[in-house]
4 protein chains.
Amino acid sequence: MIIVMDHRAGDDKIEAVITRLEKAGFQIHLSQGVERTIIGAIGDKTHLGDVGLEAMSGVEKVVPILQPYKLASRTFHEEGTVIRVGGLEIGGDTVHVAAGPCAVESREQVLETAEIVKKAGATILRGGAYKPRSSPYSFQGLEEEGLKFLAEARELTGLLIVTEVMDVRTVPMIADYADILQIGARNMQNFSLLREVAKVDKPVLLKRGPSATIEEWLMAAEYIMSGGNYNIILCERGIKSFENYTRNTLDLTAIPVVKHLSHLPVIVDPSHAIGKWRFVPSMAKAAIAAGADGLLVEVHPNPPEALCDGPQSLTPVNFNKMMSELNQVVAAVGRKMP
Amino acid sequence: MIIVMDHRAGDDKIEAVITRLEKAGFQIHLSQGVERTIIGAIGDKTHLGDVGLEAMSGVEKVVPILQPYKLASRTFHEEGTVIRVGGLEIGGDTVHVAAGPCAVESREQVLETAEIVKKAGATILRGGAYKPRSSPYSFQGLEEEGLKFLAEARELTGLLIVTEVMDVRTVPMIADYADILQIGARNMQNFSLLREVAKVDKPVLLKRGPSATIEEWLMAAEYIMSGGNYNIILCERGIKSFENYTRNTLDLTAIPVVKHLSHLPVIVDPSHAIGKWRFVPSMAKAAIAAGADGLLVEVHPNPPEALCDGPQSLTPVNFNKMMSELNQVVAAVGRKMP
Amino acid sequence: MIIVMDHRAGDDKIEAVITRLEKAGFQIHLSQGVERTIIGAIGDKTHLGDVGLEAMSGVEKVVPILQPYKLASRTFHEEGTVIRVGGLEIGGDTVHVAAGPCAVESREQVLETAEIVKKAGATILRGGAYKPRSSPYSFQGLEEEGLKFLAEARELTGLLIVTEVMDVRTVPMIADYADILQIGARNMQNFSLLREVAKVDKPVLLKRGPSATIEEWLMAAEYIMSGGNYNIILCERGIKSFENYTRNTLDLTAIPVVKHLSHLPVIVDPSHAIGKWRFVPSMAKAAIAAGADGLLVEVHPNPPEALCDGPQSLTPVNFNKMMSELNQVVAAVGRKMP
Amino acid sequence: MIIVMDHRAGDDKIEAVITRLEKAGFQIHLSQGVERTIIGAIGDKTHLGDVGLEAMSGVEKVVPILQPYKLASRTFHEEGTVIRVGGLEIGGDTVHVAAGPCAVESREQVLETAEIVKKAGATILRGGAYKPRSSPYSFQGLEEEGLKFLAEARELTGLLIVTEVMDVRTVPMIADYADILQIGARNMQNFSLLREVAKVDKPVLLKRGPSATIEEWLMAAEYIMSGGNYNIILCERGIKSFENYTRNTLDLTAIPVVKHLSHLPVIVDPSHAIGKWRFVPSMAKAAIAAGADGLLVEVHPNPPEALCDGPQSLTPVNFNKMMSELNQVVAAVGRKMP
């Protein structure tokens, strides 16, 4: 940690900062520059970082040097993590596509979609039984009944199931049905929920919050990991920017950046990021080219009838087309489809 | 709702959209323009808005006309709402200041701060017993013990208590201690939590999420109101932007906008928005000049020792100074201090 | 154009709006909804859109229906435009890579870099002789001398030259040396400069401004096209967002969106968007997978010695590696390298 | 400057960085931490900062310590600068309001508006004769004829004139008419234009770019100051964010921040920031409460007839009302109106 002192700060103020840092266990390096005094503090910021240095008189700014996350960092684990779940390896050579409807609407809809996406090459079925909706007046999901339909689809197709948890009270029940638990973007910093999924023996798909920096996202992963669950799949799904032609701005650069900073696998959800089905296939291919370990894509047998997110859902025909184009790009970057 | 058809869409596609809308109970107005066909659909969007029109072939875009919130809108309730709690009126002529530490750290700290802010003119004591922290390694709060200290401070000073709820399971317990329940910025779209506070007979201070549009913020209020709790105090606390000299960008224009769109009272938290105590008093004054009904300000007897958010906390001396300056601005906009 | 009236607006106000629109030559469709009156105005917005309707009493909002650009829109020109310059076709099947240093620093540096990028497969040499620098104390470019070095490099290698224009007064002179004129991101709405390059018989590479929406970007293209120069190559180079690990946020979704809205070719500059060379190759591949017609990449023989943007420049070794990986992705999306 | 080395960087890489820094004239402080080696480099970054350290092998990041601006910084000039122009003092105790139409449309319009704003208490007349418009099809200004009308209005009312310069070629001519030259938001980094106004003996009103950080804004001021013109008035006018109910997000916190970092006066343009007249008076009051030295406000005798920005223009009646409310707030913060 580097403490930059105000150019008017006298020796007493510099001394006070040093005393405080030394009491907190830091080793000190003092640099008296031409225009500024700079104090280097060496030690373990994760435990002592909360010392309120910026509130001390004479301190201009505090610059952290170490990343605030440990377990999620590549420094901690040099090799990329491969998550093994239900026979699949996520984060390895094979690219996996999770596909399905935004919301589970009926038994028929789920079974039909499962067959379609299975045939097209997906290995995981997505579908929400509990839906976080911006409006209290929108369809909120079929709840446990929806989970039963998903389980039935797994039975029939062999697809794994990923579905969202929204409430600490239903985490154990949902974990009984699902293969992978999803933390939605709006709950990325719902710390109670993060602690709850940390106790479950299922991988967690952790979506990036729409206003989360990459560091905040990795800190959310750190919450789950520090609670004991190391099987985290990160999922980029767009961030908020001033551009509003698309629903969010898909930050694909986050993929190589996360791969550089962390050992965790990372996949991409182009459907929610963009909000318009028309642009989903292009961005699915771009995500793979950028190095993503997989995709999360919305597919609906009849998008105009969807109870949720119809405009961003691919039809079966378009999904098939996307999957066959994807094959080329996957091979081009030296990876393979299942 | 206005549906703009693609310029290449033929009559069959236009017909399909109209059929779908009529089946959903909308009345139709068709305008054949020089370059586009536009379909006006008149009806109650809150119930039928989920028809997936944008997924229909030939539809270029769908433009909603009505606001998606009802109970929170000024159309629904022309007069501004005044919330009565513990003898205070929030949203009336009097401007209220809630002040106190970010986190409850000890009995002494809370009681000392309560005396200080009370003497300076605050009417509400803020302090977190459950703390949402970006890092799992940071101080997470004293939990129920902290609530007891807050209650004791109320006993001694007569200040009301506002404190944050983070977990659906502790809402009833916290509601036993607190006068006002706070939903933090990161939980603004934690819909389970919104539904839980909707069942409690205490006002809710609803912070704007760092990436929430004003519409999304009012929809979060709508969740609580549609669940039965109409006593919502909105709180602007900064949004994310590219400017990173400050922690967030305080969007003061949201105040007159919310007053225009909604009948709910709105207060401002300059401390979290800015992250640097030095700029808090200026923005507190600006917030009142912009029409805010109150403030939420962090005060700590010794900011450098704070376990949380020291850099943005005012010392007692600076808080006193701010309060006396505030008095002038409050009077200048025709309002009063308690 | 749709005019939504305030729910309290009486007939007189509705009448006033209609009168105004009819006077401006619009045809009117009136829809009296349950809660709102909506006025549809059909006519040519490009000429009459400046009628200040939103300033009229009783008007809640005005929703434009048509895009404000004409010449740049795909409606105007259904086929994608292919720009022919110096034997190259930009916007066709072949993907072109423009590469070179941020700034022209010396004859040796330019000639050496030109040889390197030519051998690796680039067809265009980039290099700034006039540099827009955030600081007045930074190196500002070699000016005309730099242009001579670029011209010499073209002579020797056959590469085309793209270089930036910053000042209306030097446009004709620079156009004598360059094959393609670049408008930098910070000048995207320098309308005097746009009008000046409109008069020149050279293609213009128009970078997206860091805070420009896609619509504003296409409007900037419209400026040049309406001035008589139809040969515009759009270039996405990152937008500002709250994420600051990277210099900007590369908005790759803009590529399929621009391809949908416009007929103009679009290329991507990952170097400026990201600011860190390490992530450039991944995003170059992603850009091509997303449908870009080419790339603009910074290469320097010795990045640590670069007078400008060293941290984002690829070394010759890394550029070579990127180009050979790129080949695979180009083929995977059905295109070819020169 | 602090250089953080990658945790895997060996001694050779550390040595290479040190050698390079020493050659560039920096003094070195080396700190070998538990997990990172950190190199402190003391010296004058303004001249040597362009050394491409981040491009060197083994360098993780470079953290600048000193601000990149000198002349614009408060360190350089501890006292706030007061700009004296035509008998007015901008940046002193008195708050000045510049008001008038977006664009000069006719002699009558300018003279009428001048009388109105003068009577209401404004001391400066604003009005564009050269207009930067997003669309090439919009009204582009009356050019020199408009400047003559402004000059005539000054003659009649004694108001000073502020008007925009867009093109380096017309700067001297416009400077003959205007008292203050305005650099518009979109030209904040048009460095040719900044250098041109640096040569003129008239104060410059420098608007913040919609995507400019405070540091970039001060660097633009530094350009003009380093060119010889020290009379800069900064003007906050809103930045781009995801919130699109308003045209931009008015960043009022920038006011106390600029006052802390710089000695230059700063005013606020709420009209362009918000885009809707209804919210302008509230934000004008908030700007003054936040510490602004003045305001730039759009007033039009008949906003619905305005050729430009009607929706954000105040009517004479609303401007009068705003000015009388403003008086109270100005007094409340210990300042005065002319």
# chains A, B, ... in the order shown; residues from 1 in each chain; ligands from 1

$ residues_around --residues "range 208-217 of chain D" --least-positions-apart "4" --cutoff "7 Å" --atoms "only C-alpha atoms" --output "PyMOL selection string"
(chain B and resi 243) or (chain C and resi 134+210-211+240) or (chain D and resi 185-186+188+221+235-240)

$ select_by_dssp --residues "range 255-307 of chain B" --states "helix (DSSP H, G or I)" --output "CSV table (one decimal) with N, CA, C and O atoms, in the first residue's frame"
chain,number,residue,atom,x,y,z
B,255,ILE,N,-33.3,14.2,-7.9
B,255,ILE,CA,-34.3,14.7,-6.9
B,255,ILE,C,-35.5,15.4,-7.5
B,255,ILE,O,-36.6,14.9,-7.3
B,256,PRO,N,-35.3,16.4,-8.3
B,256,PRO,CA,-36.5,17.0,-8.9
B,256,PRO,C,-37.2,16.1,-9.9
B,256,PRO,O,-38.4,16.1,-10.0
B,257,VAL,N,-36.4,15.2,-10.5
B,257,VAL,CA,-37.0,14.2,-11.4
B,257,VAL,C,-38.0,13.3,-10.6
B,257,VAL,O,-39.1,13.0,-11.0
B,258,VAL,N,-37.5,12.7,-9.5
B,258,VAL,CA,-38.3,11.8,-8.7
B,258,VAL,C,-39.5,12.6,-8.2
B,258,VAL,O,-40.6,12.0,-8.2
B,259,LYS,N,-39.3,13.8,-7.8
B,259,LYS,CA,-40.4,14.6,-7.3
B,259,LYS,C,-41.5,14.8,-8.4
B,259,LYS,O,-42.7,15.0,-8.1
B,260,HIS,N,-41.0,14.9,-9.6
B,260,HIS,CA,-42.0,15.0,-10.7
B,260,HIS,C,-42.7,13.7,-11.1
B,260,HIS,O,-43.9,13.7,-11.3
B,261,LEU,N,-42.0,12.6,-11.0
B,261,LEU,CA,-42.6,11.4,-11.4
B,261,LEU,C,-43.3,10.7,-10.3
B,261,LEU,O,-44.2,9.9,-10.6
B,270,PRO,N,-24.8,11.9,0.7
B,270,PRO,CA,-23.6,12.3,0.0
B,270,PRO,C,-22.4,11.6,0.4
B,270,PRO,O,-21.4,11.5,-0.4
B,271,SER,N,-22.3,11.0,1.6
B,271,SER,CA,-21.1,10.3,2.1
B,271,SER,C,-20.7,9.1,1.2
B,271,SER,O,-19.6,9.0,0.8
B,272,HIS,N,-21.7,8.2,1.0
B,272,HIS,CA,-21.4,7.1,0.1
B,272,HIS,C,-21.2,7.4,-1.3
B,272,HIS,O,-20.4,6.8,-2.0
B,273,ALA,N,-21.9,8.4,-1.8
B,273,ALA,CA,-21.7,8.8,-3.2
B,273,ALA,C,-20.3,9.3,-3.5
B,273,ALA,O,-19.8,9.0,-4.5
B,274,ILE,N,-19.8,10.1,-2.5
B,274,ILE,CA,-18.5,10.8,-2.8
B,274,ILE,C,-17.3,10.0,-2.3
B,274,ILE,O,-16.3,9.8,-3.0
B,277,TRP,N,-14.7,12.7,2.8
B,277,TRP,CA,-15.5,13.6,3.7
B,277,TRP,C,-15.4,15.1,3.2
B,277,TRP,O,-16.3,15.8,3.5
B,278,ARG,N,-14.3,15.4,2.7
B,278,ARG,CA,-14.0,16.8,2.3
B,278,ARG,C,-15.1,17.5,1.5
B,278,ARG,O,-15.4,18.7,1.6
B,279,PHE,N,-15.7,16.7,0.6
B,279,PHE,CA,-16.7,17.2,-0.3
B,279,PHE,C,-18.2,17.0,0.2
B,279,PHE,O,-19.1,17.5,-0.5
B,280,VAL,N,-18.3,16.4,1.3
B,280,VAL,CA,-19.7,16.1,1.8
B,280,VAL,C,-20.5,17.3,2.1
B,280,VAL,O,-21.6,17.4,1.7
B,281,PRO,N,-19.9,18.3,2.9
B,281,PRO,CA,-20.8,19.4,3.2
B,281,PRO,C,-21.3,20.2,2.0
B,281,PRO,O,-22.5,20.6,2.0
B,282,SER,N,-20.4,20.4,1.0
B,282,SER,CA,-20.9,21.1,-0.2
B,282,SER,C,-22.1,20.4,-0.8
B,282,SER,O,-23.1,21.0,-1.2
B,283,MET,N,-22.0,19.1,-0.9
B,283,MET,CA,-23.0,18.3,-1.6
B,283,MET,C,-24.3,18.2,-0.7
B,283,MET,O,-25.4,18.0,-1.3
B,284,ALA,N,-24.1,18.2,0.6
B,284,ALA,CA,-25.3,18.2,1.5
B,284,ALA,C,-26.1,19.5,1.2
B,284,ALA,O,-27.3,19.4,1.1
B,285,LYS,N,-25.4,20.6,1.1
B,285,LYS,CA,-26.1,21.9,0.8
B,285,LYS,C,-26.8,21.8,-0.5
B,285,LYS,O,-27.9,22.2,-0.7
B,286,ALA,N,-26.0,21.3,-1.5
B,286,ALA,CA,-26.6,21.2,-2.9
B,286,ALA,C,-27.8,20.3,-2.9
B,286,ALA,O,-28.8,20.6,-3.6
B,287,ALA,N,-27.8,19.2,-2.2
B,287,ALA,CA,-28.9,18.3,-2.1
B,287,ALA,C,-30.2,19.0,-1.6
B,287,ALA,O,-31.3,18.9,-2.2
B,288,ILE,N,-30.0,19.8,-0.6
B,288,ILE,CA,-31.2,20.5,0.0
B,288,ILE,C,-31.7,21.6,-1.0
B,288,ILE,O,-32.9,21.7,-1.3
B,289,ALA,N,-30.7,22.3,-1.6
B,289,ALA,CA,-31.1,23.3,-2.6
B,289,ALA,C,-31.8,22.7,-3.8
B,289,ALA,O,-32.7,23.3,-4.4
B,303,PRO,N,-12.7,9.3,12.8
B,303,PRO,CA,-12.7,8.6,11.5
B,303,PRO,C,-11.5,7.7,11.2
B,303,PRO,O,-11.7,6.6,10.7
B,304,PRO,N,-10.3,8.1,11.5
B,304,PRO,CA,-9.2,7.2,11.2
B,304,PRO,C,-9.3,5.9,11.9
B,304,PRO,O,-8.6,4.9,11.5
B,305,GLU,N,-10.0,5.8,13.0
B,305,GLU,CA,-10.1,4.5,13.7
B,305,GLU,C,-11.4,3.8,13.3
B,305,GLU,O,-11.6,2.7,13.8

$ closest_atom_pairs --of "range 97-213 of chain C" --to "range 316-329 of chain C" --cutoff "8 Å" --atoms "only C-alpha atoms" --output "JSON lines"
{"residue": "C:Ile116", "atom": "CA", "partner": "C:Pro316", "partner_atom": "CA", "distance": 6.6}
{"residue": "C:Val117", "atom": "CA", "partner": "C:Pro316", "partner_atom": "CA", "distance": 7.7}
{"residue": "C:Ala120", "atom": "CA", "partner": "C:Asn320", "partner_atom": "CA", "distance": 5.5}
{"residue": "C:Gly121", "atom": "CA", "partner": "C:Met323", "partner_atom": "CA", "distance": 7.1}

$ interface_residues --of "chain B" --to "chain A" --cutoff "8 Å" --atoms "only C-alpha atoms" --output "ChimeraX atom specification"
/B:46-47,50-56,68-69,132-138,166-168,186-187,189-192,210-211,216,219-220,222-223,226,240,277,303-313

$ write_last_selection --atoms "N, CA and C atoms" --output "CSV table (one decimal), in the first residue's frame"
chain,number,residue,atom,x,y,z
B,46,THR,N,-49.6,-2.8,-17.7
B,46,THR,CA,-49.1,-3.5,-16.5
B,46,THR,C,-49.5,-4.9,-16.5
B,47,HIS,N,-50.6,-5.3,-17.0
B,47,HIS,CA,-51.0,-6.7,-17.0
B,47,HIS,C,-50.6,-7.4,-18.3
B,50,ASP,N,-46.1,-8.1,-21.1
B,50,ASP,CA,-45.1,-9.1,-21.4
B,50,ASP,C,-45.3,-9.8,-22.7
B,51,VAL,N,-46.3,-9.4,-23.5
B,51,VAL,CA,-46.5,-10.0,-24.8
B,51,VAL,C,-45.2,-9.7,-25.6
B,52,GLY,N,-44.6,-10.8,-26.1
B,52,GLY,CA,-43.2,-10.7,-26.6
B,52,GLY,C,-43.2,-10.1,-28.0
B,53,LEU,N,-43.7,-8.9,-28.2
B,53,LEU,CA,-43.8,-8.3,-29.5
B,53,LEU,C,-42.5,-8.1,-30.2
B,54,GLU,N,-41.5,-7.8,-29.5
B,54,GLU,CA,-40.2,-7.5,-30.2
B,54,GLU,C,-39.6,-8.7,-30.8
B,55,ALA,N,-40.1,-9.9,-30.4
B,55,ALA,CA,-39.7,-11.1,-30.9
B,55,ALA,C,-40.4,-11.5,-32.2
B,56,MET,N,-41.5,-10.7,-32.5
B,56,MET,CA,-42.2,-11.1,-33.7
B,56,MET,C,-41.5,-10.6,-35.0
B,68,PRO,N,-44.1,2.1,-16.1
B,68,PRO,CA,-44.5,0.7,-15.7
B,68,PRO,C,-44.8,0.7,-14.2
B,69,TYR,N,-44.7,1.8,-13.5
B,69,TYR,CA,-45.0,1.8,-12.0
B,69,TYR,C,-46.4,2.5,-11.9
B,132,PRO,N,-23.0,-4.9,4.6
B,132,PRO,CA,-22.7,-5.5,3.3
B,132,PRO,C,-21.3,-5.0,2.9
B,133,ARG,N,-20.3,-5.8,3.0
B,133,ARG,CA,-18.9,-5.4,2.7
B,133,ARG,C,-18.4,-6.1,1.4
B,134,SER,N,-17.7,-5.3,0.6
B,134,SER,CA,-17.2,-5.9,-0.7
B,134,SER,C,-16.3,-7.0,-0.4
B,135,SER,N,-15.6,-7.0,0.7
B,135,SER,CA,-14.6,-8.1,1.0
B,135,SER,C,-15.1,-9.0,2.1
B,136,PRO,N,-15.0,-10.3,2.0
B,136,PRO,CA,-15.4,-11.2,3.1
B,136,PRO,C,-14.4,-11.1,4.3
B,137,TYR,N,-13.3,-10.4,4.1
B,137,TYR,CA,-12.3,-10.3,5.1
B,137,TYR,C,-12.5,-9.0,6.0
B,138,SER,N,-13.4,-8.1,5.5
B,138,SER,CA,-13.7,-6.9,6.3
B,138,SER,C,-14.6,-7.1,7.4
B,166,MET,N,-30.3,-6.9,5.5
B,166,MET,CA,-29.6,-7.6,4.4
B,166,MET,C,-30.1,-9.0,4.0
B,167,ASP,N,-30.8,-9.5,5.0
B,167,ASP,CA,-31.2,-11.0,4.9
B,167,ASP,C,-32.6,-11.1,5.3
B,168,VAL,N,-33.4,-11.8,4.4
B,168,VAL,CA,-34.8,-12.0,4.7
B,168,VAL,C,-35.1,-12.6,6.1
B,186,ARG,N,-26.9,-2.1,-2.9
B,186,ARG,CA,-26.6,-3.4,-3.6
B,186,ARG,C,-27.8,-4.4,-3.5
B,187,ASN,N,-28.7,-4.1,-2.6
B,187,ASN,CA,-29.9,-5.0,-2.5
B,187,ASN,C,-31.1,-4.3,-3.1
B,189,GLN,N,-32.4,-4.5,-5.9
B,189,GLN,CA,-33.2,-5.4,-6.7
B,189,GLN,C,-33.1,-6.8,-6.2
B,190,ASN,N,-32.9,-6.9,-4.8
B,190,ASN,CA,-33.0,-8.2,-4.1
B,190,ASN,C,-34.5,-8.3,-3.8
B,191,PHE,N,-35.2,-8.9,-4.8
B,191,PHE,CA,-36.7,-8.9,-4.7
B,191,PHE,C,-37.3,-9.7,-3.6
B,192,SER,N,-36.6,-10.7,-3.1
B,192,SER,CA,-37.0,-11.4,-1.9
B,192,SER,C,-37.0,-10.5,-0.7
B,210,PRO,N,-26.4,1.4,-7.5
B,210,PRO,CA,-25.4,2.2,-8.3
B,210,PRO,C,-25.5,2.1,-9.8
B,211,SER,N,-26.3,1.1,-10.3
B,211,SER,CA,-26.5,1.1,-11.7
B,211,SER,C,-28.0,1.1,-12.1
B,216,GLU,N,-36.0,2.1,-12.7
B,216,GLU,CA,-35.8,0.8,-12.0
B,216,GLU,C,-35.9,1.0,-10.5
B,219,MET,N,-39.5,1.2,-9.7
B,219,MET,CA,-40.0,-0.1,-9.8
B,219,MET,C,-39.7,-0.9,-8.5
B,220,ALA,N,-38.5,-0.7,-7.9
B,220,ALA,CA,-38.2,-1.4,-6.6
B,220,ALA,C,-39.2,-0.9,-5.5
B,222,GLU,N,-42.1,0.2,-6.1
B,222,GLU,CA,-43.4,-0.4,-6.5
B,222,GLU,C,-43.5,-1.9,-5.9
B,223,TYR,N,-42.4,-2.6,-5.9
B,223,TYR,CA,-42.4,-4.0,-5.3
B,223,TYR,C,-42.9,-3.9,-3.8
B,226,SER,N,-46.6,-2.6,-3.7
B,226,SER,CA,-47.6,-3.6,-4.1
B,226,SER,C,-47.7,-4.8,-3.1
B,240,LYS,N,-22.8,4.8,-10.7
B,240,LYS,CA,-21.5,4.5,-11.3
B,240,LYS,C,-21.4,5.3,-12.6
B,277,TRP,N,-14.7,12.7,2.8
B,277,TRP,CA,-15.5,13.6,3.7
B,277,TRP,C,-15.4,15.1,3.2
B,303,PRO,N,-12.7,9.3,12.8
B,303,PRO,CA,-12.7,8.6,11.5
B,303,PRO,C,-11.5,7.7,11.2
B,304,PRO,N,-10.3,8.1,11.5
B,304,PRO,CA,-9.2,7.2,11.2
B,304,PRO,C,-9.3,5.9,11.9
B,305,GLU,N,-10.0,5.8,13.0
B,305,GLU,CA,-10.1,4.5,13.7
B,305,GLU,C,-11.4,3.8,13.3
B,306,ALA,N,-12.2,4.3,12.4
B,306,ALA,CA,-13.4,3.7,12.0
B,306,ALA,C,-13.1,2.3,11.3
B,307,LEU,N,-14.0,1.3,11.6
B,307,LEU,CA,-13.8,0.0,11.0
B,307,LEU,C,-14.4,-0.1,9.6
B,308,CYS,N,-15.0,1.0,9.2
B,308,CYS,CA,-15.7,1.0,7.9
B,308,CYS,C,-15.9,2.4,7.4
B,309,ASP,N,-15.4,2.7,6.2
B,309,ASP,CA,-15.7,4.0,5.6
B,309,ASP,C,-15.2,5.2,6.3
B,310,GLY,N,-14.1,5.1,7.0
B,310,GLY,CA,-13.5,6.3,7.7
B,310,GLY,C,-13.3,7.5,6.7
B,311,PRO,N,-12.8,7.2,5.5
B,311,PRO,CA,-12.4,8.3,4.7
B,311,PRO,C,-13.6,9.2,4.3
B,312,GLN,N,-14.8,8.7,4.4
B,312,GLN,CA,-16.0,9.5,4.0
B,312,GLN,C,-16.7,10.1,5.2
B,313,SER,N,-16.3,9.8,6.5
B,313,SER,CA,-17.0,10.2,7.7
B,313,SER,C,-16.5,11.6,8.1

$ residues_around --residues "Glu108 in chain B" --least-positions-apart "6" --cutoff "10 Å" --atoms "only C-alpha atoms" --output "count of residues only"
3

$ atom_distance --atom1 "CA of Asp93 in chain D" --atom2 "CA of Val266 in chain D"
12.8 Å

$ closest_residue --among "A:Lys118, A:Arg335, A:Arg107, A:Arg74" --to "Lys148 in chain A" --atoms "only C-alpha atoms"
A:Arg107

$ select_by_dssp --residues "range 145-328 of chain A" --states "strand (DSSP E or B)" --output "PyMOL selection string"
chain A and resi 160-165+180-183+204-207+232-236+239+249+262+266-268+294-299+314

$ write_last_selection --atoms "C-alpha atoms" --output "PDB file, in the first residue's frame"
ATOM      1  CA  LEU A 160     -27.296 -30.865 -16.787  1.00  0.00           C
ATOM      2  CA  ILE A 161     -29.491 -28.220 -15.156  1.00  0.00           C
ATOM      3  CA  VAL A 162     -28.498 -24.672 -14.232  1.00  0.00           C
ATOM      4  CA  THR A 163     -31.102 -22.544 -12.500  1.00  0.00           C
ATOM      5  CA  GLU A 164     -31.170 -19.384 -10.434  1.00  0.00           C
ATOM      6  CA  VAL A 165     -31.326 -19.033  -6.655  1.00  0.00           C
ATOM      7  CA  ILE A 180     -25.317 -25.778 -11.067  1.00  0.00           C
ATOM      8  CA  LEU A 181     -26.714 -22.900  -9.009  1.00  0.00           C
ATOM      9  CA  GLN A 182     -26.905 -19.516 -10.691  1.00  0.00           C
ATOM     10  CA  ILE A 183     -26.442 -16.223  -8.841  1.00  0.00           C
ATOM     11  CA  VAL A 204     -22.028 -21.832  -8.656  1.00  0.00           C
ATOM     12  CA  LEU A 205     -22.445 -19.813 -11.844  1.00  0.00           C
ATOM     13  CA  LEU A 206     -21.771 -16.250 -10.687  1.00  0.00           C
ATOM     14  CA  LYS A 207     -23.020 -13.545 -13.012  1.00  0.00           C
ATOM     15  CA  ILE A 232     -17.191 -20.973  -9.260  1.00  0.00           C
ATOM     16  CA  ILE A 233     -17.974 -20.361 -12.925  1.00  0.00           C
ATOM     17  CA  LEU A 234     -17.887 -16.653 -13.717  1.00  0.00           C
ATOM     18  CA  CYS A 235     -20.369 -15.328 -16.269  1.00  0.00           C
ATOM     19  CA  GLU A 236     -20.044 -12.004 -18.108  1.00  0.00           C
ATOM     20  CA  ILE A 239     -22.517  -3.876 -17.950  1.00  0.00           C
ATOM     21  CA  THR A 249     -22.771  -3.364 -23.070  1.00  0.00           C
ATOM     22  CA  SER A 262      -7.935 -15.348 -11.867  1.00  0.00           C
ATOM     23  CA  VAL A 266     -15.528 -17.752 -17.398  1.00  0.00           C
ATOM     24  CA  ILE A 267     -18.489 -18.023 -19.737  1.00  0.00           C
ATOM     25  CA  VAL A 268     -20.617 -15.422 -21.514  1.00  0.00           C
ATOM     26  CA  GLY A 294     -18.700 -21.547 -22.657  1.00  0.00           C
ATOM     27  CA  LEU A 295     -21.955 -19.749 -23.319  1.00  0.00           C
ATOM     28  CA  LEU A 296     -25.327 -19.232 -21.702  1.00  0.00           C
ATOM     29  CA  VAL A 297     -27.933 -18.603 -24.386  1.00  0.00           C
ATOM     30  CA  GLU A 298     -31.690 -18.129 -24.348  1.00  0.00           C
ATOM     31  CA  VAL A 299     -33.685 -20.351 -26.669  1.00  0.00           C
ATOM     32  CA  LEU A 314     -33.343 -17.473 -30.324  1.00  0.00           C
TER      33      LEU A 314
END

$ closest_residue --among "B:Ala331, B:Met1, B:Tyr130, B:Leu125" --to "Leu66 in chain B" --atoms "only C-alpha atoms"
B:Met1
